[in-house]
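Remarks on the structure that follows.
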Amino acid sequence: MSLLRRLAQELLHGPRTIDGPVADPAGLEELARRIGERAQARLGRSLSIREVDAGSCNGCELEINAANGPVYDLERFGIRFVASPRHADVILVTGPVTTNMAVALQRTYDAAPHPKWVVAMGDCAIDGGCFAGGYAVLGGVHHVLPVDLSIPGCPPTPLKLLAGLLALLETVATGS
Amino acid sequence: MLGNMTLMEFLGGGRAVPGHRPWPRVQLDERGWRELLHQMAISEWTLLGLWGEGKEIHVALRDDADGSIGVASLHCPDRRFPSLSEVRPGAIRLERAIRDLHGLIPEGLADLRPWLDHGRWPLAVPLAGLRGAVPQASPDYSFLPVEGESLHQIPVGPVHAGVIEPGHFRFTCAGETVVRLEERLGYTHKGVESLMAGRPVAEAARLAGRISGDSTVAYAIAFARAVEAATGAEAAPRADWLRALFAELERIANHLLDIGAIANDAAFGFLLARCMVLREQILSFNETYFGHRLLMDRVIPGGVAVDLTREATSVLRTLIHDLRKGFKKLVAIYDDLPSLQDRTVGTGIVHGSLAYRFGAGGFVGRASSHGGDARKVPGYPPYDDLEFAVPVRPDGDVNARVWLRIEEVQASFGLLEQIIETIPGGHLHRPVPTRGGEGMSLVESFRGEILMWVRLSEVGKVVRCHPRDPSWFQWPLLEAAIEGNIVADFPLCNKSFNCSYSGADL
């Protein structure tokens with residue numbers, strides 16, 4: 001019975017998702033809506049992302065999962081993470097790209113249809129971060145794939161991730 | 001038992017190495033090492049860690065009878081050492097890694113396939129310091145042979161369907177039933193140990209906090225404590241308490257995500273959503289009052305980098321109250337749903353004997369009767385001044401690992417409340433003296449016990465650092481847990497283990 005009671009409470013309480021369109025200092029909702037509109041204009045549909053952990057410490061993955069969670073709820077804006085690169089518009093890469101992951105990363109990219117973009121998420125993915133110079137890392141996604149956008153941070157917060165995806169779409173819209 | 005002795009009695013026979021703190025380290029000759037193997041076979045000594053250094057091999061052990069801890073070392077001039085794998089199966093992957101990294105050959109190890117080396121590094125045996133060594137390993141990997149009628153294989157990974165770390169799982173199935181799972185890891189190997197060497201302590205501490213991002217606080221504490229031990233320094237007292245505060249916040253945040261994610265893998269997304277809302281409250285609090293959502297770089301050698309302000313204390317008090325209330329309701333829901341428990345009860349059973357043989361800690365060990373918590377034994381401040389229970393369960397299934405986490409979250413709430421009430425004032429940080437030495441620490445992360453070993457040079461740089469993630473002794477048990485279960489239950493089992501890829505791949 002407690003689940004029913006809980007669900008009833010939820011209905012009365014309303015969503016836990018962050019709202020507050022303009023008043024929100026970080027402008028989350030506005031930001032995300034703009035991403036959604038851009039994706040629609042460019043792709044005629046939602047933005048699908050395939051994430052590849054190319055040797056991260058798993059900090060970035062925690063924040064991506066947070067962005068997917070009910071508080072940030074990316075999916076309400078038409079941004080979603082997909083299981084297969086075949087369904088992806090964006091390959092979102094974390095980690096310094098270990099030599100052991102380079103082939104898998106390349107194959108995942110190759111499996112995604114055109115047009116596609118690559119986002120390097122986190123300091124490691126940009127230039128290897130604190131793992132740069134090691135024998136087992138290539139030191140950034142650009143060593144393997146053409147990077148369209150970098151989102152700095154260790155790890156980037158969910159809001160920064162969202163802001164980064166917007167920047168990507170800006171680039172795509174104006175640059176091509 | 002005939003011929004049995006305590007670990008300390010045994011190590012007393014070796015040549016003591018000065019400057020190793022806080023536990024003794026002794027040098028053994030090959031005969032002594034073989035005697036050690038013999039003693040391990042008949043004693044309750046838990047393997048804590050096994051690592052190489054140049055042409056030397058070190059093993060850390062704990063005598064479970066009296067809790068004493070010690071390190072034994074063997075110099076192997078011909079790059080060979082008698083393998084521990086027969087007396088401690090947890091050593092198998094560690095020895096395969098040592099062979100890859102140091103080129104030290106474990107004599108008697110049955111499985112000589114490379115582990116971390118996928119044949120993609122530009123150099124061979126990277127930690128051996130050999131010039132011009134040519135890479136030996138090939139990118140091809142031979143999985144264990146499988147024979148039988150109507151068997152089929154399912155290869156999964158290294159890129160998984162969800163947003164998780166990379167690793168490869170090779171399932172052999174008869175119909176829906178998994179006959180064997182073989183893991184192949186090492187994809188996230190970044191060469192952390194090599195990167196640590198030669199770095200100043202402060203820089204290495206940053207790296208230590210990124211060995212496994214979800215356990216950043218625990219790793220940072222482990223590294224700081226090992227450095228403090230090596231230099232004979234002590235952290236500022238208030239810092240010890242703040243470290244525990246950060247560590248318990250980290251534990252709760254991770255357990256919340258795990259509990260939710262396990263339910264989600266049993267198609268009950270509601271619990272994940274609710275757990276993530278609770279988790280986010282902690283992360284937001286961390287960001288507002290400590291400056292980082294995951295608390296990276298907040299623990300530094302000598303102390304901590306950030307204080308708990310008066311305002312933060314009062315907000316945290318309310319937060320704990322709210323979390324407690326919210327969590328209690330979620331636990332009631334889990335407890336009240338037979339359809340969810342139908343998936344978790346009796347699924348992915350790890351037998352206590354296996355947990356014991358592999359020395360598995362954390363919720364994986366404790367859900368299978370294998371107790372032990374580094375906060376209790378050997379213990380470290382401030383936990384000796386705090387009261388908390390360490391739950392242990394016998395069932396060993398997914399359900400037991402869920403309940404273990406539930407009880408640990410509740411214990412951590414209690415710890416946070418005690419910390420807030422009794423935290424002493426004073427400085428946050430004491431300078432760490434620039435001094436050489438060897439130090440070791442054991443720190444309980446949300447996942448289990450982390451071992452950290454460092455050797456510092458006289459100018460305060462890291463000469464050798466070895467971090468041993470709890471997952472080393474948990475990953476092999478996942479292969480056993482899934483046996484006889486259906487493929488669809490693997491995500492559930494895997495999530496209930498939630499082993500670290502990055503932490504164990506180094």
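Ordering of the structure tokens sets the chain letters (A, B, ...); residue numbers start at 1 within each chain; ligands are numbered from 1 in the order shown.
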Within 9 Å of chain B, which residues belong to chain A? Use only C-alpha atoms and report them as a PDB file with C-alpha atoms, in the first residue's frame.
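Saved result, part38.pdb, follows:
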```pdb
ATOM      1  CA  MET A   1       0.000   0.000   0.000  1.00  0.00           C
ATOM      2  CA  SER A   2       2.859   2.321   0.690  1.00  0.00           C
ATOM      3  CA  LEU A   3       3.643   2.607  -3.019  1.00  0.00           C
ATOM      4  CA  ARG A   6       3.603   7.438  -2.256  1.00  0.00           C
ATOM      5  CA  ARG A  16      10.860  17.307  -8.644  1.00  0.00           C
ATOM      6  CA  THR A  17      12.343  18.436 -11.911  1.00  0.00           C
ATOM      7  CA  ARG A  50      25.787   7.776 -27.878  1.00  0.00           C
ATOM      8  CA  GLU A  51      28.152   8.041 -24.953  1.00  0.00           C
ATOM      9  CA  VAL A  52      31.554   6.357 -25.057  1.00  0.00           C
ATOM     10  CA  ASP A  53      33.703   6.072 -21.977  1.00  0.00           C
ATOM     11  CA  ALA A  54      37.206   6.043 -23.435  1.00  0.00           C
ATOM     12  CA  GLY A  55      38.904   5.438 -20.120  1.00  0.00           C
ATOM     13  CA  SER A  56      37.374   7.996 -17.778  1.00  0.00           C
ATOM     14  CA  CYS A  57      37.545   7.698 -14.006  1.00  0.00           C
ATOM     15  CA  ASN A  58      33.714   7.359 -14.136  1.00  0.00           C
ATOM     16  CA  GLY A  59      33.176  10.863 -12.688  1.00  0.00           C
ATOM     17  CA  CYS A  60      31.830  12.145 -16.024  1.00  0.00           C
ATOM     18  CA  GLU A  61      29.463   9.169 -16.267  1.00  0.00           C
ATOM     19  CA  LEU A  62      28.002  10.049 -12.863  1.00  0.00           C
ATOM     20  CA  ILE A  64      25.765  12.360 -17.378  1.00  0.00           C
ATOM     21  CA  ASN A  65      23.490  10.061 -15.413  1.00  0.00           C
ATOM     22  CA  ALA A  66      22.548  12.977 -13.181  1.00  0.00           C
ATOM     23  CA  GLY A  69      17.811  11.951 -13.973  1.00  0.00           C
ATOM     24  CA  PRO A  70      14.571  13.508 -12.860  1.00  0.00           C
ATOM     25  CA  VAL A  71      16.087  16.743 -11.585  1.00  0.00           C
ATOM     26  CA  PHE A  81      21.010   8.947 -24.793  1.00  0.00           C
ATOM     27  CA  VAL A  82      20.692   5.943 -27.051  1.00  0.00           C
ATOM     28  CA  ALA A  83      22.032   2.434 -26.733  1.00  0.00           C
ATOM     29  CA  SER A  84      23.396   2.056 -30.250  1.00  0.00           C
ATOM     30  CA  GLY A  95      38.201   9.972 -20.656  1.00  0.00           C
ATOM     31  CA  PRO A  96      41.740  10.551 -21.944  1.00  0.00           C
ATOM     32  CA  VAL A  97      41.310   7.841 -24.634  1.00  0.00           C
ATOM     33  CA  THR A  98      43.325   4.886 -23.445  1.00  0.00           C
ATOM     34  CA  THR A  99      45.227   2.938 -26.073  1.00  0.00           C
ATOM     35  CA  ASN A 100      43.084  -0.029 -25.053  1.00  0.00           C
ATOM     36  CA  MET A 101      39.870   1.865 -25.929  1.00  0.00           C
ATOM     37  CA  ALA A 104      36.401   0.597 -29.779  1.00  0.00           C
ATOM     38  CA  LEU A 105      35.974   4.373 -29.898  1.00  0.00           C
ATOM     39  CA  THR A 108      31.618   3.279 -32.419  1.00  0.00           C
ATOM     40  CA  CYS A 130      45.848  14.700 -15.303  1.00  0.00           C
ATOM     41  CA  PHE A 131      46.503  11.460 -17.211  1.00  0.00           C
ATOM     42  CA  ALA A 132      48.223  13.239 -20.111  1.00  0.00           C
ATOM     43  CA  GLY A 133      51.656  11.925 -20.986  1.00  0.00           C
ATOM     44  CA  GLY A 134      51.073   8.374 -19.799  1.00  0.00           C
ATOM     45  CA  TYR A 135      52.170   5.437 -21.945  1.00  0.00           C
ATOM     46  CA  ALA A 136      48.647   4.052 -21.976  1.00  0.00           C
ATOM     47  CA  VAL A 137      46.681   7.145 -23.029  1.00  0.00           C
ATOM     48  CA  CYS A 154      36.418  17.705 -13.974  1.00  0.00           C
ATOM     49  CA  PRO A 155      33.776  16.523 -14.297  1.00  0.00           C
ATOM     50  CA  THR A 157      28.311  19.588 -14.091  1.00  0.00           C
TER      51      THR A 157
END
```
Check: Could you pull out all residues of segment 83-254 of chain B with a DSSP call of helix (DSSP H, G or I) and give them as an MDAnalysis selection string?
Finding: chainID B and resid 91:102 192:196 201:208 213:231 237:254
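For the pair atom CA of Leu4 of chain A and atom CA of Asp395 of chain B, the separation is 29.3 Å.
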Margin query: At a cut-off of 8 Å, using only C-alpha atoms, what residues contact segment 44-54 of chain B? Leave out same-chain residues fewer than 5 positions from it and give the result as an MDAnalysis selection string.
Written below: chainID B and resid 7 59:65 88 90:91 94:95 98 102 104 127:129 359 451 464 466 468
Note to self: Report, in Å to a single decimal, how far apart atom CA of Ala305 of chain B and atom CA of Gly232 of chain B are.
What the structure shows: 20.3 Å
Next item on the list: Would you please give, as a list of chain:residue names, all residues of segment 30-161 of chain A that DSSP assigns to strand (DSSP E or B) based on the backbone?
Entry: A:Leu47, A:Ser48, A:Ile49, A:Arg50, A:Glu51, A:Val52, A:Asp53, A:Ile79, A:Arg80, A:Phe81, A:Val90, A:Ile91, A:Leu92, A:Val93, A:Thr94, A:Thr98, A:Trp117, A:Val118, A:Val119, A:Ala120, A:Met121, A:Val137, A:Leu149, A:Ser150, A:Ile151
Next item on the list: For Pro424 of chain B, work out the shell of residues within 12 Å, counting only C-alpha atoms and skipping chain neighbours fewer than 6 positions away, then give it as a PyMOL selection string.
Entry: chain B and resi 236-242+307-308+382+385+418
Output file for the residues above (N, CA and C atoms, as an mmCIF file, in the first residue's frame):
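Output (out-v4.cif):
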```cif
data_model
loop_
_atom_site.group_PDB
_atom_site.id
_atom_site.type_symbol
_atom_site.label_atom_id
_atom_site.label_comp_id
_atom_site.auth_asym_id
_atom_site.auth_seq_id
_atom_site.Cartn_x
_atom_site.Cartn_y
_atom_site.Cartn_z
ATOM 1 N N ALA B 236 45.458 17.391 10.692
ATOM 2 C CA ALA B 236 44.834 18.206 11.735
ATOM 3 C C ALA B 236 43.588 17.465 12.228
ATOM 4 N N PRO B 237 43.326 17.477 13.549
ATOM 5 C CA PRO B 237 42.187 16.697 14.089
ATOM 6 C C PRO B 237 40.850 17.046 13.439
ATOM 7 N N ARG B 238 40.607 18.336 13.247
ATOM 8 C CA ARG B 238 39.329 18.703 12.616
ATOM 9 C C ARG B 238 39.225 18.103 11.211
ATOM 10 N N ALA B 239 40.391 18.016 10.546
ATOM 11 C CA ALA B 239 40.406 17.475 9.186
ATOM 12 C C ALA B 239 39.964 16.005 9.162
ATOM 13 N N ASP B 240 40.394 15.243 10.177
ATOM 14 C CA ASP B 240 39.966 13.840 10.238
ATOM 15 C C ASP B 240 38.445 13.743 10.237
ATOM 16 N N TRP B 241 37.829 14.614 10.998
ATOM 17 C CA TRP B 241 36.368 14.586 11.114
ATOM 18 C C TRP B 241 35.713 15.036 9.812
ATOM 19 N N LEU B 242 36.296 16.060 9.188
ATOM 20 C CA LEU B 242 35.717 16.519 7.922
ATOM 21 C C LEU B 242 35.883 15.462 6.835
ATOM 22 N N ASP B 307 36.290 23.993 4.675
ATOM 23 C CA ASP B 307 35.712 23.831 6.018
ATOM 24 C C ASP B 307 34.195 23.663 5.948
ATOM 25 N N LEU B 308 33.650 23.174 7.042
ATOM 26 C CA LEU B 308 32.199 23.104 7.206
ATOM 27 C C LEU B 308 31.805 24.344 8.001
ATOM 28 N N PRO B 382 38.145 9.555 12.413
ATOM 29 C CA PRO B 382 37.609 9.635 13.771
ATOM 30 C C PRO B 382 36.708 8.461 14.127
ATOM 31 N N ASP B 385 35.950 7.083 17.531
ATOM 32 C CA ASP B 385 35.138 7.872 18.463
ATOM 33 C C ASP B 385 33.657 7.887 18.072
ATOM 34 N N GLN B 418 26.419 12.291 14.241
ATOM 35 C CA GLN B 418 27.434 12.311 15.321
ATOM 36 C C GLN B 418 28.576 13.259 14.980
#
```
Notebook entry, point to check: Can you tell me, as JSON, numbers by chain, what residues are no more than 8 Å from Ile79 of chain A when counting only C-alpha atoms, ignoring any on the same chain fewer than 6 positions away?
Noted result: {"A": [36, 46, 47, 48, 49]}
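The space separating atom CA of Val350 of chain B from atom CA of Pro89 of chain B comes to 15.2 Å.
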Note to self: List the spatial neighbours of segment 40-42 of chain B as a PyMOL selection string - criterion: any atom at most 7 Å away, only C-alpha atoms, same-chain residues fewer than 4 positions off excluded.
What the structure shows: chain B and resi 4+36+87
Once you have the residues from the selection above, write them out as a tab-separated table (two decimals), in the first residue's frame, restricted to N, CA, C and O atoms.
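To be explicit, this is the file written out as out20.tsv:
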```
chain	number	residue	atom	x	y	z
B	4	ASN	N	50.61	-23.80	13.11
B	4	ASN	CA	50.06	-22.49	12.80
B	4	ASN	C	50.70	-21.42	13.69
B	4	ASN	O	51.03	-21.67	14.84
B	36	LEU	N	56.00	-18.69	3.55
B	36	LEU	CA	54.83	-17.82	3.67
B	36	LEU	C	53.63	-18.45	2.97
B	36	LEU	O	52.52	-18.48	3.51
B	87	VAL	N	47.10	-20.44	-3.15
B	87	VAL	CA	46.58	-20.31	-1.79
B	87	VAL	C	45.59	-19.16	-1.66
B	87	VAL	O	44.78	-19.14	-0.74
```
Checklist line | Test item: residues at most 8 Å from segment 471-485 of chain B, only C-alpha atoms, excluding those fewer than 3 positions along its chain, as a PyMOL selection string | finding: chain B and resi 90+93-94+177-183+347-350+354-355+358-361+364-365+447-448+468+489-490+493-494+497+499-501+503-504
